[in-house]
Amino acid sequence: MTFDRSIKIAPSILSADFANFGAECEAIEAQGADWVHVDVMDGHFVPNITFGPATCAAIRPHIKGVMDVHLMIAPVDPYIEAFANAGADVITAHVEAGPHIHRTMQAIKGAGAKAGVALNPATPASEIEYLLDMVDLVCVMTVNPGFGGQKFIHSQVEKVRQLRAMIGDRPIHIEIDGGVDPTTAPLVANAGADVLVAGSAVFRGGSVLDPAPYGANIRSIREAATSIEV
């Protein structure tokens with residue numbers, strides 16, 4: 001997994017066909033997805049329950065590229081090794097999910113994965129200032145975590161700009177999770193984001209049997225994100 005700041009589209013399998021995850025992962029990659037984003041929710045830190053390490057292990061053989069695992073769970077630390085062993089390339093934990101986020105980042109790195117830290121909409125960029133020399137990715141939640149299909153929270157664009165300035169020349173990805181579509185993609189890309197998580201905006205209109213709409217949706221988001229400044 002090499003670092004670059006080109007726009008990467010990371011479809012969230014939260015919007016995929018749950019009965020056909022392996023084929024869905026293969027389909028989105030074949031249609032141009034750069035990463036596969038796995039939203040892990042526990043019904044405690046967020047009001048929804050989704051996947052665990054066993055699901056990640058099951059889909060890993062179907063993913064050629066980066067498996068990006070977003071842990072919306074609390075506590076986080078007891079589960080890091082299991083998700084790393086399941087094949088996660090990136091493991092992201094929320095700064096709000098525990099009292100020792102620095103220790104959590106150390107644990108992710110120690111497990112052999114890239115370390116990501118996520119910020120909820122009400123959490124300021126300054127919360128992670130002292131983590132920037134040890135993380136590989138900052139995930140800005142542009143919706144409240146828990147469910148797909150929510151509306152984009154526009155105040156987070158300024159947070160992305162702040163993070164881009166804070167990061168400087170460090171090799172850290174800025175990821176956007178929530179409400180990403182061709183309308184919002186250029187806003188966050190122009191502010192400094194390079195990884196765009198999209199669920200319903202990618203999977204809408206397609207299926208494993210008819211994956212062409214996935215490709216059209218991915219291209220539409222990518223083209224919008226790389227368009228001239230808005």
# chains A, B, ... in the order shown; residues from 1 in each chain; ligands from 1

$ residues_around --residues "region 47-55 of chain A" --least-positions-apart "5" --cutoff "10 Å" --atoms "only C-alpha atoms" --output "compact mmCIF listing (two decimals) with N, CA, C and O atoms, in the first residue's frame"
# COMPACT_ATOMS: atom_id res chain seq x y z
N LEU A 14 -21.60 -1.34 3.19
CA LEU A 14 -22.83 -1.18 3.94
C LEU A 14 -24.02 -1.05 3.00
O LEU A 14 -25.15 -1.37 3.38
N PHE A 18 -26.00 -7.79 1.12
CA PHE A 18 -25.42 -8.52 2.24
C PHE A 18 -25.33 -10.02 1.96
O PHE A 18 -24.48 -10.70 2.55
N PHE A 21 -21.66 -10.65 -0.55
CA PHE A 21 -20.56 -9.72 -0.33
C PHE A 21 -19.33 -10.00 -1.20
O PHE A 21 -18.72 -9.07 -1.72
N GLY A 22 -18.95 -11.25 -1.31
CA GLY A 22 -17.75 -11.56 -2.08
C GLY A 22 -17.87 -11.08 -3.52
O GLY A 22 -16.96 -10.40 -4.04
N VAL A 38 -15.19 -1.02 4.80
CA VAL A 38 -16.02 -1.90 5.63
C VAL A 38 -16.40 -1.16 6.91
O VAL A 38 -15.54 -0.87 7.75
N ASP A 39 -17.67 -0.85 7.06
CA ASP A 39 -18.17 -0.12 8.22
C ASP A 39 -18.58 -1.10 9.32
O ASP A 39 -19.58 -1.81 9.19
N VAL A 40 -17.81 -1.13 10.40
CA VAL A 40 -18.07 -2.03 11.52
C VAL A 40 -18.78 -1.25 12.61
O VAL A 40 -18.24 -0.26 13.12
N MET A 41 -19.98 -1.69 12.98
CA MET A 41 -20.79 -0.98 13.99
C MET A 41 -21.26 -1.97 15.05
O MET A 41 -21.56 -3.13 14.75
N ASP A 42 -21.34 -1.49 16.29
CA ASP A 42 -21.57 -2.39 17.42
C ASP A 42 -22.91 -2.24 18.13
O ASP A 42 -23.18 -2.94 19.11
N ARG A 60 -12.00 -10.97 2.46
CA ARG A 60 -10.62 -10.62 2.11
C ARG A 60 -10.14 -11.30 0.83
O ARG A 60 -9.49 -10.65 -0.01
N VAL A 69 -10.98 -0.79 6.95
CA VAL A 69 -11.93 -1.18 8.00
C VAL A 69 -12.12 -0.04 8.98
O VAL A 69 -11.16 0.40 9.63
N LEU A 71 -13.80 1.11 12.30
CA LEU A 71 -14.37 0.57 13.53
C LEU A 71 -15.17 1.64 14.27
O LEU A 71 -14.61 2.54 14.89
N MET A 72 -16.47 1.53 14.18
CA MET A 72 -17.38 2.39 14.95
C MET A 72 -17.86 1.58 16.14
O MET A 72 -19.04 1.22 16.26
N ILE A 73 -16.91 1.27 17.01
CA ILE A 73 -17.17 0.40 18.15
C ILE A 73 -16.45 0.95 19.38
O ILE A 73 -15.48 1.68 19.28
N TYR A 79 -10.29 -5.57 20.00
CA TYR A 79 -10.66 -6.17 18.71
C TYR A 79 -9.68 -5.87 17.59
O TYR A 79 -9.82 -6.37 16.48
N ILE A 80 -8.68 -5.05 17.87
CA ILE A 80 -7.76 -4.63 16.81
C ILE A 80 -7.02 -5.82 16.21
O ILE A 80 -6.94 -5.96 14.98
N GLU A 81 -6.50 -6.69 17.03
CA GLU A 81 -5.73 -7.83 16.51
C GLU A 81 -6.59 -8.72 15.62
O GLU A 81 -6.14 -9.21 14.58
N ALA A 82 -7.85 -8.92 16.01
CA ALA A 82 -8.74 -9.78 15.23
C ALA A 82 -9.00 -9.20 13.85
O ALA A 82 -9.01 -9.93 12.84
N PHE A 83 -9.19 -7.88 13.76
CA PHE A 83 -9.42 -7.27 12.45
C PHE A 83 -8.14 -7.25 11.62
O PHE A 83 -8.19 -7.42 10.40
N ALA A 84 -7.00 -7.07 12.26
CA ALA A 84 -5.73 -7.14 11.54
C ALA A 84 -5.51 -8.55 11.00
O ALA A 84 -5.13 -8.73 9.83
N ASN A 85 -5.79 -9.55 11.80
CA ASN A 85 -5.63 -10.93 11.37
C ASN A 85 -6.62 -11.29 10.25
O ASN A 85 -6.35 -12.20 9.46
N ALA A 86 -7.74 -10.58 10.21
CA ALA A 86 -8.74 -10.82 9.17
C ALA A 86 -8.34 -10.19 7.84
O ALA A 86 -9.04 -10.39 6.83
N GLY A 87 -7.25 -9.43 7.83
CA GLY A 87 -6.74 -8.91 6.57
C GLY A 87 -6.93 -7.44 6.33
O GLY A 87 -6.71 -6.96 5.20
N ALA A 88 -7.31 -6.68 7.34
CA ALA A 88 -7.50 -5.24 7.16
C ALA A 88 -6.17 -4.57 6.83
O ALA A 88 -5.18 -4.78 7.52
N PRO A 145 -22.25 9.04 12.52
CA PRO A 145 -22.06 7.63 12.21
C PRO A 145 -23.21 6.76 12.69
O PRO A 145 -23.84 7.04 13.70
N GLY A 146 -23.47 5.70 11.93
CA GLY A 146 -24.50 4.75 12.33
C GLY A 146 -25.33 4.22 11.19
O GLY A 146 -25.71 3.06 11.19
N PHE A 147 -25.61 5.06 10.20
CA PHE A 147 -26.48 4.63 9.10
C PHE A 147 -26.03 5.26 7.80
O PHE A 147 -25.53 6.39 7.78

$ residues_around --residues "Thr183 (chain A)" --least-positions-apart "5" --cutoff "12 Å" --atoms "only C-alpha atoms" --output "ChimeraX atom specification"
/A:151-152,154,188-189,201,220-227,230

$ closest_residue --among "A:Ser126, A:Asn120, A:Ser207, A:Asn217" --to "Gln156 (chain A)" --atoms "only C-alpha atoms"
A:Asn120

$ atom_distance --atom1 "CA of Ala122 (chain A)" --atom2 "CA of His100 (chain A)"
18.9 Å

$ residues_around --residues "Asp136 (chain A)" --least-positions-apart "4" --cutoff "8 Å" --atoms "only C-alpha atoms" --output "MDAnalysis selection string"
chainID A and resid 114:116 171:173

$ closest_residue --among "A:Glu127, A:Met134, A:Asp89, A:Cys139" --to "Gln106 (chain A)" --atoms "only C-alpha atoms"
A:Met134

$ closest_residue --among "A:Ala10, A:Met1, A:Ala198, A:Met141" --to "Ala118 (chain A)" --atoms "only C-alpha atoms"
A:Met141

$ atom_distance --atom1 "CA of Leu209 (chain A)" --atom2 "CA of Ile176 (chain A)"
28.6 Å

$ select_by_dssp --residues "region 23-208 of chain A" --states "strand (DSSP E or B)" --output "PyMOL selection string"
chain A and resi 35-42+49+66-72+90-94+114-119+137-141+173-177+195-198
